[in-house]
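Take a look at the structure below.
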Amino acid sequence: MAQRSDIVVIGGGIIGLAVARRLCLAGNAVTVLERHRTGRGASWAAAGMLAPHCEFDEPDPYFELCRTGLARYAGFIETLREETGCPIEYNAAGAMLPALSDRGQAQLETRYERHRCDGVPVERLNVREARRLEPNLTNGIRMALRYPDDHQVENRDVVTALAQSVQRGGGVIREGVAARKILLEGHRVSGVDTSEGIWKAHTVVNAMGCRARYLDGIAPTDRIPVRPVRGQILALKAGTAPPFHHTIYTSGAYLVPRSDGRLIIGATVEETGFRDEVTLGGVMQLFRDALELAPGLKSWALDSTWSGLRPVTRDGWPVLGATGTPGLFAATGHGRNGILLAPLTGDLLAETILHDRVPSIMRPFLPDRFYPARDGETSDERDR
Ligand SMILES: Cc1cc2nc3c(=O)[nH]c(=O)nc-3n(C[C@H](O)[C@H](O)[C@H](O)COP(=O)(O)OP(=O)(O)OC[C@H]3O[C@@H](n4cnc5c(N)ncnc54)[C@H](O)[C@@H]3O)c2cc1C
């Protein structure tokens, strides 16, 4: 016999869980279907940086989305801790971008002026100031920028707490269930065909991460153009305290200190399809970049290595909102910023699904930007 739920969320990563939590809090019967283990995809592999000011050079709607996501994060973590009693490591020390060459310095000076003019909180540090704050940085740096508002979180704590929150809110999480096909009555969603049978539901959310395009039963134009982009990471272990307070960020590598004394070094960006292994070349690149930033790291113990597959769309922006199939919604394609954007994605999808409203900040990210114009239709007509 078919199982039944108001809403089915496919994918138990941080995005699916954040959406499911908001829908549960509003009193809906929600089921999360996860083909493997909850939260063990890209959301487990991430470094947990909440760092839009480091990630983006120029303002655009994606930068604004990320800044809005950041502004809500500390409050979200506080609420999630209260709701679940789960510990969630959160570090608000800020991020530092050091320049290691003349060219790097020139780029950071330009960036500093631009961000200052745009009202982004940013500090320019000379070598002495930067090394006073972070004595373990190489003495080869030329200057640094500090972004006090960029934070970081232990993403594994967040997915664990989100799963608890969903279950406390009456949601059901079914692990080991793979969604295969959307079922329709007429043109509208009526459920999902899965490896464990049929789930009836009037609303389905595709939060399948880098596999989001592999959902049958819908028009080919409704398939979300997402691909996997591999990121490899390694962690060092020094002892009780990490060697940095800030996240240290460059275009090559970033160093993220954790309170248990580990230092996360990430991450490669590789087009390797669904191959998610850790390679010698990837690890060597991370070591090289990390040692350039902090030569003292060479005597540290290697703790672990891992990798994950980021969900990345054709234009690099997330896909959020109603698809062309009534009742089917998309929440994926968050690329390098899915940890940062999870709480905001939950809020935006809940607004759309429950109140049929599209918040203005979400408009540039609607799935219909990928639809081909129908015969005789102009892009202006589609935008209305
Ligand atoms: C190395 C690395 C470092 C990163 N660092 C950061 C960072 O510092 N800050 C940041 O904000 N972001 C970071 N990211 C990006 C972030 O991790 C992702 O954007 C985010 O985790 C995406 O979440 P998701 O829920 O969409 O995907 P996932 O976590 O991959 O979850 C998708 C889930 O869907 C399930 N699924 C797929 N198909 C099916 C199916 N047919 N049926 C049922 N279930 C299915 C999968 O098993 C998976 O569990 C990083 C990513 C990587 C790889």
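Residue numbering restarts at 1 in every chain; chains get A, B, ... in the order shown in the structure tokens, and ligands count up from 1 in that same order.
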Per residue of segment 79-187 of chain A within 10 Å of segment 18-33 of chain A, note the shortest atom pair and the distance in Å to one decimal, counting only C-alpha atoms, and order the rows by chain and increasing residue number, as JSON lines.
```
{"residue": "A:Val158", "atom": "CA", "partner": "A:Ala18", "partner_atom": "CA", "distance": 9.6}
{"residue": "A:Val159", "atom": "CA", "partner": "A:Ala18", "partner_atom": "CA", "distance": 8.6}
{"residue": "A:Leu162", "atom": "CA", "partner": "A:Ala18", "partner_atom": "CA", "distance": 6.6}
{"residue": "A:Ala163", "atom": "CA", "partner": "A:Arg21", "partner_atom": "CA", "distance": 8.1}
{"residue": "A:Gln164", "atom": "CA", "partner": "A:Arg21", "partner_atom": "CA", "distance": 9.3}
{"residue": "A:Ser165", "atom": "CA", "partner": "A:Arg21", "partner_atom": "CA", "distance": 6.4}
{"residue": "A:Val166", "atom": "CA", "partner": "A:Arg21", "partner_atom": "CA", "distance": 4.8}
{"residue": "A:Gln167", "atom": "CA", "partner": "A:Arg21", "partner_atom": "CA", "distance": 8.6}
{"residue": "A:Arg168", "atom": "CA", "partner": "A:Cys24", "partner_atom": "CA", "distance": 9.0}
{"residue": "A:Gly169", "atom": "CA", "partner": "A:Cys24", "partner_atom": "CA", "distance": 5.5}
{"residue": "A:Gly170", "atom": "CA", "partner": "A:Cys24", "partner_atom": "CA", "distance": 6.6}
{"residue": "A:Gly171", "atom": "CA", "partner": "A:Val30", "partner_atom": "CA", "distance": 5.0}
{"residue": "A:Val172", "atom": "CA", "partner": "A:Thr31", "partner_atom": "CA", "distance": 4.7}
{"residue": "A:Ile173", "atom": "CA", "partner": "A:Val32", "partner_atom": "CA", "distance": 4.7}
{"residue": "A:Arg174", "atom": "CA", "partner": "A:Leu33", "partner_atom": "CA", "distance": 5.1}
{"residue": "A:Glu175", "atom": "CA", "partner": "A:Leu33", "partner_atom": "CA", "distance": 6.3}
{"residue": "A:Gly176", "atom": "CA", "partner": "A:Leu33", "partner_atom": "CA", "distance": 7.8}
{"residue": "A:Val177", "atom": "CA", "partner": "A:Leu33", "partner_atom": "CA", "distance": 5.8}
{"residue": "A:Ala178", "atom": "CA", "partner": "A:Leu33", "partner_atom": "CA", "distance": 6.8}
{"residue": "A:Ala179", "atom": "CA", "partner": "A:Leu33", "partner_atom": "CA", "distance": 7.1}
```
Prev. selection, N, CA and C atoms, output as a PDB file, in the first residue's frame:
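This went into out_26.pdb:
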```pdb
ATOM      1  N   VAL A 158      25.385  21.004  12.586  1.00  0.00           N
ATOM      2  CA  VAL A 158      24.139  21.605  12.093  1.00  0.00           C
ATOM      3  C   VAL A 158      23.223  20.539  11.497  1.00  0.00           C
ATOM      4  N   VAL A 159      23.792  19.630  10.672  1.00  0.00           N
ATOM      5  CA  VAL A 159      22.914  18.614  10.072  1.00  0.00           C
ATOM      6  C   VAL A 159      22.362  17.667  11.150  1.00  0.00           C
ATOM      7  N   LEU A 162      19.587  19.593  12.825  1.00  0.00           N
ATOM      8  CA  LEU A 162      18.426  19.761  11.939  1.00  0.00           C
ATOM      9  C   LEU A 162      17.606  18.476  11.854  1.00  0.00           C
ATOM     10  N   ALA A 163      18.300  17.341  11.761  1.00  0.00           N
ATOM     11  CA  ALA A 163      17.579  16.061  11.687  1.00  0.00           C
ATOM     12  C   ALA A 163      16.753  15.859  12.966  1.00  0.00           C
ATOM     13  N   GLN A 164      17.342  16.216  14.105  1.00  0.00           N
ATOM     14  CA  GLN A 164      16.604  16.106  15.382  1.00  0.00           C
ATOM     15  C   GLN A 164      15.389  17.011  15.382  1.00  0.00           C
ATOM     16  N   SER A 165      15.600  18.231  14.885  1.00  0.00           N
ATOM     17  CA  SER A 165      14.508  19.210  14.878  1.00  0.00           C
ATOM     18  C   SER A 165      13.341  18.714  14.018  1.00  0.00           C
ATOM     19  N   VAL A 166      13.669  18.151  12.857  1.00  0.00           N
ATOM     20  CA  VAL A 166      12.621  17.637  11.964  1.00  0.00           C
ATOM     21  C   VAL A 166      11.828  16.558  12.698  1.00  0.00           C
ATOM     22  N   GLN A 167      12.541  15.648  13.360  1.00  0.00           N
ATOM     23  CA  GLN A 167      11.845  14.537  14.028  1.00  0.00           C
ATOM     24  C   GLN A 167      11.034  15.012  15.236  1.00  0.00           C
ATOM     25  N   ARG A 168      11.597  15.966  15.983  1.00  0.00           N
ATOM     26  CA  ARG A 168      10.833  16.519  17.106  1.00  0.00           C
ATOM     27  C   ARG A 168       9.579  17.239  16.632  1.00  0.00           C
ATOM     28  N   GLY A 169       9.673  17.802  15.425  1.00  0.00           N
ATOM     29  CA  GLY A 169       8.531  18.541  14.866  1.00  0.00           C
ATOM     30  C   GLY A 169       7.523  17.619  14.192  1.00  0.00           C
ATOM     31  N   GLY A 170       7.697  16.309  14.347  1.00  0.00           N
ATOM     32  CA  GLY A 170       6.725  15.366  13.802  1.00  0.00           C
ATOM     33  C   GLY A 170       7.074  14.863  12.414  1.00  0.00           C
ATOM     34  N   GLY A 171       8.190  15.336  11.858  1.00  0.00           N
ATOM     35  CA  GLY A 171       8.603  14.881  10.525  1.00  0.00           C
ATOM     36  C   GLY A 171       9.163  13.463  10.583  1.00  0.00           C
ATOM     37  N   VAL A 172       9.126  12.801   9.443  1.00  0.00           N
ATOM     38  CA  VAL A 172       9.647  11.427   9.353  1.00  0.00           C
ATOM     39  C   VAL A 172      10.854  11.468   8.423  1.00  0.00           C
ATOM     40  N   ILE A 173      11.963  10.842   8.857  1.00  0.00           N
ATOM     41  CA  ILE A 173      13.140  10.740   7.986  1.00  0.00           C
ATOM     42  C   ILE A 173      13.325   9.276   7.640  1.00  0.00           C
ATOM     43  N   ARG A 174      13.278   8.954   6.363  1.00  0.00           N
ATOM     44  CA  ARG A 174      13.452   7.567   5.928  1.00  0.00           C
ATOM     45  C   ARG A 174      14.782   7.436   5.196  1.00  0.00           C
ATOM     46  N   GLU A 175      15.740   6.795   5.855  1.00  0.00           N
ATOM     47  CA  GLU A 175      17.055   6.577   5.228  1.00  0.00           C
ATOM     48  C   GLU A 175      17.014   5.313   4.366  1.00  0.00           C
ATOM     49  N   GLY A 176      17.876   5.252   3.371  1.00  0.00           N
ATOM     50  CA  GLY A 176      17.943   4.066   2.514  1.00  0.00           C
ATOM     51  C   GLY A 176      16.794   3.993   1.518  1.00  0.00           C
ATOM     52  N   VAL A 177      16.124   5.111   1.273  1.00  0.00           N
ATOM     53  CA  VAL A 177      15.025   5.137   0.302  1.00  0.00           C
ATOM     54  C   VAL A 177      15.389   6.100  -0.829  1.00  0.00           C
ATOM     55  N   ALA A 178      15.516   5.569  -2.027  1.00  0.00           N
ATOM     56  CA  ALA A 178      15.898   6.397  -3.178  1.00  0.00           C
ATOM     57  C   ALA A 178      14.660   6.755  -4.000  1.00  0.00           C
ATOM     58  N   ALA A 179      14.459   8.038  -4.206  1.00  0.00           N
ATOM     59  CA  ALA A 179      13.360   8.490  -5.079  1.00  0.00           C
ATOM     60  C   ALA A 179      13.775   8.260  -6.523  1.00  0.00           C
TER      61      ALA A 179
END
```
Practice item. Compile the contact shell of segment 241-246 of chain A as a ChimeraX atom specification: residues with an atom at most 10 Å away, counting only C-alpha atoms, same-chain residues fewer than 5 positions apart removed. Key: /A:91-97,133-137,146-148,150-152,236,255-264,294,296-297
Practice item. Compute the set of protein, DNA and RNA residues whose minimum atom distance to ligand 1 is at most 6 Å, using only C-alpha atoms and all ligand atoms, and state it as a PyMOL selection string. Key: chain A and resi 10-16+33-36+38-43+45-50+177-180+207-209+211+230-233+267+307-310+332+334-340
Review point. Hey, which of A:Gly281, A:Gly191, A:Gly119, A:Gly252 ends up closest to Pro98 of chain A? Count only C-alpha atoms.
Key: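 The closest residue to Pro98 of chain A is A:Gly252.
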Show me, as a CSV table (one decimal) with N, CA and C atoms, in the first residue's frame, the residues that have an atom within 7 Å of Ala253 of chain A when counting only C-alpha atoms, minus same-chain residues fewer than 6 positions from it.
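That gives us out_37.csv:
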```csv
chain,number,residue,atom,x,y,z
A,265,ILE,N,41.8,22.1,6.1
A,265,ILE,CA,42.5,22.8,5.0
A,265,ILE,C,41.7,22.4,3.7
A,266,GLY,N,41.1,23.4,3.0
A,266,GLY,CA,40.3,23.0,1.8
A,266,GLY,C,40.6,24.0,0.8
A,267,ALA,N,39.9,23.9,-0.3
A,267,ALA,CA,39.4,22.6,-0.8
A,267,ALA,C,39.7,22.7,-2.3
A,286,LEU,N,46.7,20.8,-1.6
A,286,LEU,CA,46.3,21.5,-0.4
A,286,LEU,C,47.5,21.7,0.5
A,289,ASP,N,49.6,24.7,-0.7
A,289,ASP,CA,49.0,26.0,-0.5
A,289,ASP,C,48.9,26.4,1.0
A,290,ALA,N,48.7,25.3,1.8
A,290,ALA,CA,48.7,25.6,3.3
A,290,ALA,C,50.0,26.0,3.8
```
Point to revise | Atomic separation - atom CA of Leu80 of chain A relative to atom CA of Asp157 of chain A, Å | key: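 These atoms are spaced 10.5 Å apart.
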Would you give me, as a tab-separated table (two decimals) with C-alpha atoms, in the first residue's frame, the residues in segment 181-247 of chain A that DSSP reads as strand (DSSP E or B)?
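File written: states.tsv
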```
chain	number	residue	atom	x	y	z
A	181	LYS	CA	10.20	9.17	-10.37
A	182	ILE	CA	7.66	11.92	-9.84
A	183	LEU	CA	4.08	10.70	-10.13
A	184	LEU	CA	1.48	12.99	-11.70
A	185	GLU	CA	-2.31	13.20	-11.79
A	188	ARG	CA	0.07	17.99	-10.97
A	189	VAL	CA	2.33	16.11	-8.59
A	190	SER	CA	0.60	13.28	-6.75
A	191	GLY	CA	3.60	11.51	-5.23
A	192	VAL	CA	6.98	9.85	-5.70
A	193	ASP	CA	7.91	6.37	-6.85
A	194	THR	CA	10.84	5.13	-4.75
A	197	GLY	CA	7.30	1.81	-3.08
A	198	ILE	CA	5.05	4.80	-3.65
A	199	TRP	CA	4.74	7.87	-1.44
A	200	LYS	CA	1.62	9.91	-2.09
A	203	THR	CA	3.96	18.65	-2.77
A	204	VAL	CA	7.47	17.39	-3.46
A	205	VAL	CA	10.76	19.26	-2.93
A	206	ASN	CA	13.79	18.21	-4.97
A	216	ASP	CA	12.17	10.88	-13.87
A	226	VAL	CA	23.08	20.55	-11.78
A	227	ARG	CA	26.43	18.77	-11.93
A	228	PRO	CA	28.84	17.53	-9.25
A	229	VAL	CA	32.05	19.49	-8.59
A	230	ARG	CA	34.47	17.62	-6.34
A	231	GLY	CA	36.12	19.23	-3.34
A	232	GLN	CA	38.88	17.48	-1.39
A	233	ILE	CA	39.76	18.50	2.16
A	234	LEU	CA	42.27	17.47	4.77
A	235	ALA	CA	42.44	18.04	8.50
A	236	LEU	CA	45.51	18.41	10.71
A	237	LYS	CA	45.54	17.89	14.44
A	247	THR	CA	39.38	31.55	9.06
```
Review point. Can you tell me, as a count of residues only, what residues are no more than 12 Å from Phe63 of chain A when counting only C-alpha atoms, ignoring any on the same chain fewer than 2 positions away?
Key: 25
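We find atom CA of Gly85 of chain A and atom CA of Ser304 of chain A to be spaced 28.1 Å apart.
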Practice item. Rank nothing, just name the residue among A:Glu196, A:Ser251, A:Asp118, A:Phe76 nearest to Glu64 of chain A, using only C-alpha atoms. Key: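 Closest candidate: A:Asp118.
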Exercise for review: Give the helix (DSSP H, G or I) residues of segment 50-245 of chain A, as DSSP finds them on the backbone, and put them as a ChimeraX atom specification.
Suggested key: /A:52-55,61-84,102-117,127-133,155-168,209-211,220-222
Resulting file, chosen residues, C-alpha atoms, as an mmCIF file, in the first residue's frame:
```
data_model
loop_
_atom_site.group_PDB
_atom_site.id
_atom_site.type_symbol
_atom_site.label_atom_id
_atom_site.label_comp_id
_atom_site.auth_asym_id
_atom_site.auth_seq_id
_atom_site.Cartn_x
_atom_site.Cartn_y
_atom_site.Cartn_z
ATOM 1 C CA PRO A 52 30.324 35.708 1.550
ATOM 2 C CA HIS A 53 32.702 38.654 1.873
ATOM 3 C CA CYS A 54 35.668 36.388 1.168
ATOM 4 C CA GLU A 55 33.904 34.439 -1.596
ATOM 5 C CA PRO A 61 22.091 39.093 -6.500
ATOM 6 C CA TYR A 62 23.954 35.943 -5.403
ATOM 7 C CA PHE A 63 26.204 38.008 -3.103
ATOM 8 C CA GLU A 64 23.090 39.685 -1.658
ATOM 9 C CA LEU A 65 21.457 36.277 -1.103
ATOM 10 C CA CYS A 66 24.562 35.075 0.747
ATOM 11 C CA ARG A 67 24.783 38.234 2.862
ATOM 12 C CA THR A 68 21.131 37.842 3.830
ATOM 13 C CA GLY A 69 21.853 34.199 4.698
ATOM 14 C CA LEU A 70 24.768 35.257 6.899
ATOM 15 C CA ALA A 71 22.721 37.915 8.708
ATOM 16 C CA ARG A 72 20.241 35.224 9.858
ATOM 17 C CA TYR A 73 22.791 32.573 10.822
ATOM 18 C CA ALA A 74 23.698 33.320 14.436
ATOM 19 C CA GLY A 75 20.002 33.620 15.369
ATOM 20 C CA PHE A 76 19.213 30.395 13.532
ATOM 21 C CA ILE A 77 21.935 28.521 15.450
ATOM 22 C CA GLU A 78 20.697 29.901 18.766
ATOM 23 C CA THR A 79 17.133 28.770 18.003
ATOM 24 C CA LEU A 80 18.279 25.361 16.795
ATOM 25 C CA ARG A 81 20.311 24.829 19.989
ATOM 26 C CA GLU A 82 17.295 25.758 22.125
ATOM 27 C CA GLU A 83 14.959 23.593 20.073
ATOM 28 C CA THR A 84 17.095 20.441 20.172
ATOM 29 C CA ASP A 102 52.791 42.099 -5.013
ATOM 30 C CA ARG A 103 50.044 41.055 -7.383
ATOM 31 C CA GLY A 104 47.968 39.631 -4.529
ATOM 32 C CA GLN A 105 48.439 42.868 -2.611
ATOM 33 C CA ALA A 106 47.291 44.984 -5.568
ATOM 34 C CA GLN A 107 44.167 42.803 -5.875
ATOM 35 C CA LEU A 108 43.367 43.120 -2.186
ATOM 36 C CA GLU A 109 43.869 46.927 -2.234
ATOM 37 C CA THR A 110 41.308 47.192 -5.082
ATOM 38 C CA ARG A 111 38.955 44.869 -3.272
ATOM 39 C CA TYR A 112 39.323 46.880 -0.058
ATOM 40 C CA GLU A 113 38.346 50.137 -1.792
ATOM 41 C CA ARG A 114 35.400 48.513 -3.540
ATOM 42 C CA HIS A 115 34.051 46.813 -0.440
ATOM 43 C CA ARG A 116 34.531 49.968 1.658
ATOM 44 C CA CYS A 117 32.555 52.009 -0.901
ATOM 45 C CA VAL A 127 51.893 42.988 8.273
ATOM 46 C CA ARG A 128 52.463 43.754 11.956
ATOM 47 C CA GLU A 129 48.745 44.001 12.717
ATOM 48 C CA ALA A 130 47.929 40.817 10.815
ATOM 49 C CA ARG A 131 50.676 38.809 12.529
ATOM 50 C CA ARG A 132 49.753 40.189 15.936
ATOM 51 C CA LEU A 133 46.270 38.729 15.408
ATOM 52 C CA ASN A 155 28.410 21.866 9.566
ATOM 53 C CA ARG A 156 28.174 18.300 10.916
ATOM 54 C CA ASP A 157 26.679 19.666 14.150
ATOM 55 C CA VAL A 158 24.139 21.605 12.093
ATOM 56 C CA VAL A 159 22.914 18.614 10.072
ATOM 57 C CA THR A 160 22.689 16.482 13.226
ATOM 58 C CA ALA A 161 20.632 19.155 14.992
ATOM 59 C CA LEU A 162 18.426 19.761 11.939
ATOM 60 C CA ALA A 163 17.579 16.061 11.687
ATOM 61 C CA GLN A 164 16.604 16.106 15.382
ATOM 62 C CA SER A 165 14.508 19.210 14.878
ATOM 63 C CA VAL A 166 12.621 17.637 11.964
ATOM 64 C CA GLN A 167 11.845 14.537 14.028
ATOM 65 C CA ARG A 168 10.833 16.519 17.106
ATOM 66 C CA GLY A 209 22.088 17.981 -4.245
ATOM 67 C CA CYS A 210 24.381 17.094 -7.140
ATOM 68 C CA ARG A 211 21.933 14.355 -8.281
ATOM 69 C CA PRO A 220 12.976 17.239 -19.700
ATOM 70 C CA THR A 221 12.818 21.044 -19.434
ATOM 71 C CA ASP A 222 11.991 20.712 -15.718
#
```
